[in-house]
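J.: To start, I am sharing the structure in question, which I have written as structure tokens.
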Amino acid sequence: MATNPIPPVNLELYKKRKPWAIVFSIVVLIIVVSLRKLHIDTDYNFKWLAAFHSTLNALTAIGLLIAYYYIKMVKDISKHKAWMIANMIFSALFLLSYIVYHLTTPETRYCHEGMIRILYFILLISHVVLAAIILPIILFTFLNAYTGQIELHRNMARWAFPIWLYIAITGPILYLMLRNCF
């Protein structure tokens with residue numbers, strides 16, 4: 001039996017929050033794309049943030065699997081919801097860390113040759129492309145659940161979950177592959 005009853009559908013709240021999700025997604029995309037052109041000089045070394053946001057990605061991957069377990073296996077909506085909120089927090093902290101890191105730290109170039117280099121760039125390109133499109137999908141999946149539109153939430157989650165999980169797993173893998181190049 002599911003815990004915490006499903007919230008009632010609130011389309012008015014959805015209509016109020018939808019523009020914010022769209023604007024936030026667009027602003028974040030513009031900021032992230034602009035990071036290659038922007039740089040802030042600082043005396044403080046922010047290189048440690050690469051390990052920090054890689055850790056946040058790993059925590060998100062674990063949290064996504066736990067949330068999936070609670071909704072699919074145990075049918076515990078309240079624990080699923082709590083873990084999804086934790087994943088949103090991990091991802092928000094990741095985004096802040098990622099922006100600060102790329103604003104303050106010179107780009108690290110991949111330093112290995114051969115097949116591992118090809119694998120790295122395949123993972124990197126797929127990771128970046130999927131990361132660019134996932135934010136609005138995550139936000140609307142969350143918004144659908146928050147406003148009680150559970151069937152829409154389920155339909156979107158079928159796409160959001162594997163993409164978000166892939167990004168959360170490949171982030172730390174890419175960091176480990178790049179680590180010796182710092």
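So you can find residues: chains in the structure tokens are A, B, ... in the order shown, residues in each start at 1, and ligands are numbered from 1 in order.
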Need the shell around A:Val33: protein/DNA/RNA residues with any atom at most 12 Å away, counting only C-alpha atoms. Skip same-chain ones fewer than 2 positions apart. Format as a ChimeraX atom specification?

T.: /A:26-31,35-38,99,102-103,128-129,131-132

J.: Just want the 9 Å neighbourhood of A:Tyr166, counted on only C-alpha atoms, with same-chain residues fewer than 3 positions away dropped. Output as a short mmCIF file (atom, residue, chain, number, x, y, z; two decimals) with C-alpha atoms, in the first residue's frame.

T.:
data_model
loop_
_atom_site.label_atom_id
_atom_site.label_comp_id
_atom_site.auth_asym_id
_atom_site.auth_seq_id
_atom_site.Cartn_x
_atom_site.Cartn_y
_atom_site.Cartn_z
CA ALA A 61 22.94 8.58 -9.13
CA HIS A 127 26.94 13.55 -21.36
CA LEU A 130 21.91 15.00 -22.59
CA PHE A 161 14.97 8.84 -15.00
CA PRO A 162 17.30 6.98 -17.42
CA ILE A 163 18.70 10.19 -18.92
CA ILE A 169 26.87 8.19 -13.64
CA THR A 170 28.93 9.47 -16.56
CA GLY A 171 29.86 12.68 -14.71
#

J.: Pick out the residues sitting within 9 Å of A:Ile138, and hand them over as an MDAnalysis selection string; count only C-alpha atoms, and ignore anything fewer than 3 positions along from it in its own chain.

T.: chainID A and resid 88 134:135 141:143 156:157 160:161 164

J.: Export C-alpha atoms of the chosen residues as a compact mmCIF listing (two decimals), in the first residue's frame?

T.:
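Here's the written file result_36.txt:
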# COMPACT_ATOMS: atom_id res chain seq x y z
CA MET A 88 17.00 18.05 -6.80
CA ILE A 134 17.53 17.23 -19.17
CA LEU A 135 16.94 20.29 -16.94
CA THR A 141 8.54 15.93 -14.26
CA PHE A 142 8.90 17.33 -10.74
CA LEU A 143 6.26 20.02 -11.36
CA MET A 156 7.82 12.01 -18.18
CA ALA A 157 9.71 10.08 -15.50
CA ALA A 160 13.76 11.64 -17.29
CA PHE A 161 14.97 8.84 -15.00
CA TRP A 164 19.29 11.80 -15.52

J.: For atom CA of A:Asn10 and atom CA of A:Thr147, determine how far apart the two atoms are, in Å to one decimal place.

T.: 5.0 Å

J.: Based on DSSP run over this structure's backbone, return all residues of chain A in alpha helix (DSSP H), as a ChimeraX atom specification.

T.: /A:11-34,48-69,77-104,115-146,150-178

J.: Hey, which of A:Pro136, A:Leu165, A:Cys181, A:Gln149 ends up closest to A:Trp20? Count only C-alpha atoms.

T.: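 The shortest atom-to-atom distance to A:Trp20 comes from A:Pro136.
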
J.: With only C-alpha atoms as the atoms that count, which of A:Phe140, A:Tyr175, A:Phe46, A:Tyr120 lies nearest to A:Ser97?

T.: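 Result for the nearest residue to A:Ser97: A:Phe46.
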
J.: Which is closest to A:Ala168 among A:Leu64, A:Ala21, A:Ala51, A:Ile6, if we use only C-alpha atoms?

T.: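 Checking each of A:Leu64, A:Ala21, A:Ala51, A:Ile6 against A:Ala168, counting only C-alpha atoms, the winner is A:Leu64.
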
J.: Which one of A:Ser78, A:Asn144, A:Asn155, A:Ser54 sits closest to A:Leu95 if you count only C-alpha atoms?

T.: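 Looking only at the distances to A:Leu95, the closest residue turns out to be A:Ser54.
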
J.: Can you pull out the residues contacting A:Thr108? Cut-off 9 Å, using only C-alpha atoms, and skip same-chain residues under 2 positions away; I want them as a list in words.

T.: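 So the residues in contact are Thr105, Pro106, Tyr110, Cys111, Leu178, Cys181 and Phe182 of chain A.
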
J.: Determine, counting only C-alpha atoms, which protein, DNA and RNA residues have an atom within 8 Å of an atom of A:Asn45; residues of the same chain fewer than 3 positions away are not included. Present the result as a CSV table (one decimal) with N, CA, C and O atoms, in the first residue's frame.

T.:
chain,number,residue,atom,x,y,z
A,42,THR,N,40.6,35.1,-9.9
A,42,THR,CA,40.6,35.0,-8.4
A,42,THR,C,41.9,34.5,-7.9
A,42,THR,O,42.6,33.7,-8.6
A,48,TRP,N,39.4,22.2,-6.6
A,48,TRP,CA,38.8,21.1,-5.8
A,48,TRP,C,37.3,21.0,-6.1
A,48,TRP,O,36.7,19.9,-5.8
A,104,THR,N,36.0,30.2,-12.8
A,104,THR,CA,37.2,30.5,-12.2
A,104,THR,C,38.4,29.7,-12.5
A,104,THR,O,39.5,30.0,-12.2
A,105,THR,N,38.2,28.6,-13.2
A,105,THR,CA,39.3,27.6,-13.4
A,105,THR,C,39.5,27.4,-14.9
A,105,THR,O,38.5,27.2,-15.7

J.: Just give me the gap between atom CA of A:Phe90 and atom CA of A:Ile167 in Å, one decimal is fine.

T.: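 Going from atom CA of A:Phe90 over to atom CA of A:Ile167 covers 13.1 Å.
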